[in-house]
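Report on the following structure.
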Amino acid sequence: MRYFIIAGEASGDLHASNLMRELRKADSKAEFCFLGGDLMQAQGGTMVIHYRQMAFMGIVAVLKNARTVLRNMSDCKKAIVDFQPDVLILVDYPSFNLRMARFAKENLKTKVYYYISPKIWAWKEFRIKQIKRYVDKMFTIFPFETAFYARHNYPVEYVGNPLVDSVCMRPNQEQTFAEFCSENNLPDQPIIALLAGSRKQEIAGCLPRMMKAGLLFPDYQVVIAGAPGIDIELYNSILKERNVSIVFGKTYELLQQSKAAIVNSGTATLETALVGTPQVVIYHVPCGRLGYLVKNIVVNLKFISLVNIIAGKEVVKELIAHLFTVENVAMELDNILHNESNRQKMIKEYSDIKESLGEPGAAERAAGKIVDSYL
């Protein structure tokens, strides 16, 4: 079959590439055309647009880059028509993908599948109408999503969480701390990891405070997990020659060797939990306290981190908007670095979260269902 896949972010590139690998196993005649990244490109097929040209966050960024956004939509529609896919597979990225779902349904005889649901359970719940109208099947990755969609009379299929697969299959799991430091030219000093996000805007908004908080602990070294597709010059412009290291392409290895992490809210919070590293979650909201109040009106959830949402309680501290200060981050870091009971409690609750997500094999199960449902 012919598969057209759209992933607009780094995490989508990862999950889509794993799905492509499994689709090839289930369908020996699989052909791919896609919007995505380097990991998808490694699986073969034709890339139309790299996600780096699509990753605009927030209304202001979208408006400033409106011409690029409109061109991307036009190029994607043309590519879909030219490729004539049997299946259109959408990976999160709802503002763009739901438009493509509508286009495909109205102009082509193709099935539309969603792998990794948009977070409409958190905000923009009205999008359920578009999903019910234009998406043939939704494959979800969180158990609570099944109940959410059931309330809207839209049956979905839970296939497991692909991050469980990614963490289970991560490289260098037997690597020692000394080997990691030697390989990455780091001193022999315990590590505080910084995961500032995958977009330029969020890195610029979060990293300075994250870095300042980490540097308040002189017995630890601060190491940034460099995001894929982000030029090192962006990090250097923020570091300004401070004694902070950057490691690219080894986020899981870095987390495994770190005593604690400061993590920008998003997929990385769950990855950090599955690796087992105690963390403090932060999130930059423009306009501080006012932004926090708006968030409470717009977002339908008590928590913002996937760790706490899945657990249904506070497992990790969330420092959002005006609460995201250097002092607050440092205080929470101290709680998980130097209070062993706090560390062990967090690690135990991580184990409960991992168990609730089920066994590895999400991409394999999703690929099998896609191929079977089409045939």
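Just remember, in the structure tokens the first chain shown is A, the second B, etc., residues are 1-based per chain, and ligands are 1-based in the order shown.
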
**OP:** Using DSSP on the backbone coordinates, identify all residues within range 162-374 of chain A classified as strand (DSSP E); present the result as a PyMOL selection string.
**Re:** chain A and resi 191-195+221-226+244-248+258-264+279-283+318-320

I need the chosen residues saved as a PDB file, in the first residue's frame, with N, CA and C atoms.
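What follows is the written file selection_14.pdb:
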```pdb
ATOM      1  N   ILE A 191      25.633  14.704  37.607  1.00  0.00           N
ATOM      2  CA  ILE A 191      25.023  15.532  36.563  1.00  0.00           C
ATOM      3  C   ILE A 191      23.605  15.967  36.920  1.00  0.00           C
ATOM      4  N   ILE A 192      23.315  17.229  36.626  1.00  0.00           N
ATOM      5  CA  ILE A 192      21.946  17.741  36.542  1.00  0.00           C
ATOM      6  C   ILE A 192      21.669  17.969  35.065  1.00  0.00           C
ATOM      7  N   ALA A 193      20.673  17.256  34.508  1.00  0.00           N
ATOM      8  CA  ALA A 193      20.353  17.363  33.086  1.00  0.00           C
ATOM      9  C   ALA A 193      19.297  18.442  32.862  1.00  0.00           C
ATOM     10  N   LEU A 194      19.435  19.171  31.751  1.00  0.00           N
ATOM     11  CA  LEU A 194      18.455  20.174  31.359  1.00  0.00           C
ATOM     12  C   LEU A 194      17.835  19.765  30.032  1.00  0.00           C
ATOM     13  N   LEU A 195      16.514  19.591  30.007  1.00  0.00           N
ATOM     14  CA  LEU A 195      15.778  19.291  28.783  1.00  0.00           C
ATOM     15  C   LEU A 195      14.830  20.469  28.538  1.00  0.00           C
ATOM     16  N   GLN A 221      27.635  19.024  37.868  1.00  0.00           N
ATOM     17  CA  GLN A 221      27.809  19.662  36.566  1.00  0.00           C
ATOM     18  C   GLN A 221      26.451  19.723  35.863  1.00  0.00           C
ATOM     19  N   VAL A 222      26.245  20.781  35.089  1.00  0.00           N
ATOM     20  CA  VAL A 222      24.992  20.988  34.367  1.00  0.00           C
ATOM     21  C   VAL A 222      25.220  20.629  32.902  1.00  0.00           C
ATOM     22  N   VAL A 223      24.368  19.741  32.380  1.00  0.00           N
ATOM     23  CA  VAL A 223      24.517  19.262  31.006  1.00  0.00           C
ATOM     24  C   VAL A 223      23.180  19.399  30.283  1.00  0.00           C
ATOM     25  N   ILE A 224      23.206  20.058  29.143  1.00  0.00           N
ATOM     26  CA  ILE A 224      22.005  20.266  28.329  1.00  0.00           C
ATOM     27  C   ILE A 224      21.849  19.118  27.340  1.00  0.00           C
ATOM     28  N   ALA A 225      20.625  18.613  27.217  1.00  0.00           N
ATOM     29  CA  ALA A 225      20.305  17.662  26.158  1.00  0.00           C
ATOM     30  C   ALA A 225      19.970  18.459  24.907  1.00  0.00           C
ATOM     31  N   GLY A 226      20.885  18.487  23.948  1.00  0.00           N
ATOM     32  CA  GLY A 226      20.653  19.243  22.720  1.00  0.00           C
ATOM     33  C   GLY A 226      19.518  18.633  21.913  1.00  0.00           C
ATOM     34  N   VAL A 244      28.701  25.157  31.280  1.00  0.00           N
ATOM     35  CA  VAL A 244      27.609  24.225  31.033  1.00  0.00           C
ATOM     36  C   VAL A 244      27.917  23.469  29.747  1.00  0.00           C
ATOM     37  N   SER A 245      27.736  22.155  29.780  1.00  0.00           N
ATOM     38  CA  SER A 245      28.028  21.322  28.609  1.00  0.00           C
ATOM     39  C   SER A 245      26.750  21.013  27.832  1.00  0.00           C
ATOM     40  N   ILE A 246      26.921  20.631  26.576  1.00  0.00           N
ATOM     41  CA  ILE A 246      25.797  20.237  25.709  1.00  0.00           C
ATOM     42  C   ILE A 246      26.114  18.879  25.100  1.00  0.00           C
ATOM     43  N   VAL A 247      25.133  17.991  25.124  1.00  0.00           N
ATOM     44  CA  VAL A 247      25.275  16.672  24.518  1.00  0.00           C
ATOM     45  C   VAL A 247      24.135  16.491  23.520  1.00  0.00           C
ATOM     46  N   PHE A 248      24.469  16.224  22.275  1.00  0.00           N
ATOM     47  CA  PHE A 248      23.453  16.021  21.241  1.00  0.00           C
ATOM     48  C   PHE A 248      23.262  14.530  20.964  1.00  0.00           C
ATOM     49  N   SER A 258      22.133  10.854  34.997  1.00  0.00           N
ATOM     50  CA  SER A 258      21.920  12.084  35.772  1.00  0.00           C
ATOM     51  C   SER A 258      21.280  11.802  37.119  1.00  0.00           C
ATOM     52  N   LYS A 259      21.648  12.596  38.097  1.00  0.00           N
ATOM     53  CA  LYS A 259      21.042  12.499  39.427  1.00  0.00           C
ATOM     54  C   LYS A 259      19.655  13.140  39.452  1.00  0.00           C
ATOM     55  N   ALA A 260      19.450  14.140  38.616  1.00  0.00           N
ATOM     56  CA  ALA A 260      18.159  14.823  38.543  1.00  0.00           C
ATOM     57  C   ALA A 260      18.090  15.564  37.212  1.00  0.00           C
ATOM     58  N   ALA A 261      16.873  15.973  36.848  1.00  0.00           N
ATOM     59  CA  ALA A 261      16.679  16.696  35.591  1.00  0.00           C
ATOM     60  C   ALA A 261      15.674  17.821  35.789  1.00  0.00           C
ATOM     61  N   ILE A 262      15.896  18.907  35.065  1.00  0.00           N
ATOM     62  CA  ILE A 262      14.906  19.978  34.948  1.00  0.00           C
ATOM     63  C   ILE A 262      14.334  19.843  33.544  1.00  0.00           C
ATOM     64  N   VAL A 263      13.012  19.656  33.432  1.00  0.00           N
ATOM     65  CA  VAL A 263      12.425  19.249  32.161  1.00  0.00           C
ATOM     66  C   VAL A 263      11.285  20.178  31.769  1.00  0.00           C
ATOM     67  N   ASN A 264      11.366  20.706  30.564  1.00  0.00           N
ATOM     68  CA  ASN A 264      10.271  21.503  30.019  1.00  0.00           C
ATOM     69  C   ASN A 264       9.085  20.584  29.724  1.00  0.00           C
ATOM     70  N   GLN A 279      12.823  14.387  38.627  1.00  0.00           N
ATOM     71  CA  GLN A 279      12.770  15.601  37.814  1.00  0.00           C
ATOM     72  C   GLN A 279      11.919  16.695  38.449  1.00  0.00           C
ATOM     73  N   VAL A 280      12.194  17.911  37.985  1.00  0.00           N
ATOM     74  CA  VAL A 280      11.355  19.076  38.240  1.00  0.00           C
ATOM     75  C   VAL A 280      10.828  19.520  36.880  1.00  0.00           C
ATOM     76  N   VAL A 281       9.532  19.720  36.765  1.00  0.00           N
ATOM     77  CA  VAL A 281       8.926  20.112  35.495  1.00  0.00           C
ATOM     78  C   VAL A 281       8.685  21.623  35.497  1.00  0.00           C
ATOM     79  N   ILE A 282       9.077  22.253  34.402  1.00  0.00           N
ATOM     80  CA  ILE A 282       8.867  23.700  34.272  1.00  0.00           C
ATOM     81  C   ILE A 282       8.115  23.980  32.982  1.00  0.00           C
ATOM     82  N   TYR A 283       7.521  25.175  32.904  1.00  0.00           N
ATOM     83  CA  TYR A 283       6.860  25.587  31.669  1.00  0.00           C
ATOM     84  C   TYR A 283       6.764  27.105  31.656  1.00  0.00           C
ATOM     85  N   GLU A 318       5.353  20.775  39.369  1.00  0.00           N
ATOM     86  CA  GLU A 318       5.192  21.562  38.158  1.00  0.00           C
ATOM     87  C   GLU A 318       5.322  23.052  38.504  1.00  0.00           C
ATOM     88  N   LEU A 319       6.285  23.705  37.889  1.00  0.00           N
ATOM     89  CA  LEU A 319       6.507  25.132  38.108  1.00  0.00           C
ATOM     90  C   LEU A 319       6.175  25.860  36.813  1.00  0.00           C
ATOM     91  N   ILE A 320       4.995  26.505  36.800  1.00  0.00           N
ATOM     92  CA  ILE A 320       4.438  27.076  35.584  1.00  0.00           C
ATOM     93  C   ILE A 320       4.345  28.592  35.718  1.00  0.00           C
TER      94      ILE A 320
END
```

Original post:
Excluding same-chain residues fewer than 5 positions from Glu359 in chain A, what lies within 10 Å of it counting only C-alpha atoms, as a list in words?
Top reply: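 Skipping anything fewer than 5 positions along the chain leaves Val159, Gly160, Asn161, Pro162, Val164, Asp165, Cys168 and Lys354 of chain A.
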
**OP:** For Glu174 in chain A, please output as a ChimeraX atom specification all residues within 10 Å (counting only C-alpha atoms; exclusion window: fewer than 4 positions along the same chain).
**Re:** /A:179,253,256

Residue selection dump (N, CA and C atoms) as a compact mmCIF listing (two decimals), in the first residue's frame:
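Ended up saving to selection.txt:
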```
# COMPACT_ATOMS: atom_id res chain seq x y z
N GLU A 179 32.19 5.81 31.73
CA GLU A 179 32.25 5.66 30.27
C GLU A 179 31.48 6.79 29.58
N GLU A 253 20.71 8.46 27.26
CA GLU A 253 21.95 8.14 27.97
C GLU A 253 22.24 9.20 29.04
N GLN A 256 19.89 8.74 31.97
CA GLN A 256 20.26 7.55 32.73
C GLN A 256 21.41 7.83 33.69
```

Original post:
Hey, what's within 12 Å of range 141-145 of chain A if we count only C-alpha atoms and toss same-chain stuff fewer than 3 positions away? As a ChimeraX atom specification, please?
Top reply: /A:15,91-92,114-122,138,148-152,154-165,267,270,306-307,309-312,353-363,365-366

**OP:** Pick out the residues sitting within 8 Å of Thr110 in chain A, and hand them over as a list in words; count only C-alpha atoms, and ignore anything fewer than 5 positions along from it in its own chain.
**Re:**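 The residues that qualify are Pro85, Asp86, Val87, Leu88, Ala104 and Lys105 of chain A.
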
Subject >> alpha helix (DSSP H) residues, from DSSP on the backbone, in range 46-264 of chain A, as an MDAnalysis selection string >> reply: chainID A and resid 58:64 66:83 94:107 128:134 143:151 162:168 177:183 200:214 232:239 251:257

Original post:
Counting only C-alpha atoms, what is within 12 Å of Met73 in chain A, bar same-chain residues fewer than 6 positions away, as a VMD selection string?
Top reply: chain A and resid 6 8 35 48 to 49 53 to 54 66 to 67 79 to 80 95 to 101 103

**OP:** Between CA of Lys348 in chain A and CA of Tyr220 in chain A, measure the distance and give it in Å to one decimal.
**Re:**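 Between CA of Lys348 in chain A and CA of Tyr220 in chain A the gap is 24.1 Å.
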
**OP:** Rank nothing, just name the residue among A:Ile304, A:Val371, A:Ala321, A:Ala268 nearest to Ser166 in chain A, using only C-alpha atoms.
**Re:** A:Ala268

**OP:** Point out the residue among A:Ile89, A:Cys76, A:Gln43, A:Gly36 with the least atom-to-atom distance to Ile5 in chain A, counting only C-alpha atoms.
**Re:**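 Closest to Ile5 in chain A, using only C-alpha atoms: A:Ile89.
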
**OP:** Using only C-alpha atoms, determine which residues lie at most 12 Å from Asn335 in chain A, disregarding the query and same-chain residues fewer than 6 positions distant; provide the list as an MDAnalysis selection string.
**Re:** chainID A and resid 259:260 278:280 316:317 328:329 341:346

Subject >> Å distance separating CA of Thr176 in chain A from CA of Glu271 in chain A, one decimal place >> reply: 19.9 Å

Subject >> Separation of CA of Ser198 in chain A from CA of Glu233 in chain A in Å >> reply: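 Straight-line distance from CA of Glu233 in chain A to CA of Ser198 in chain A works out to 14.5 Å.
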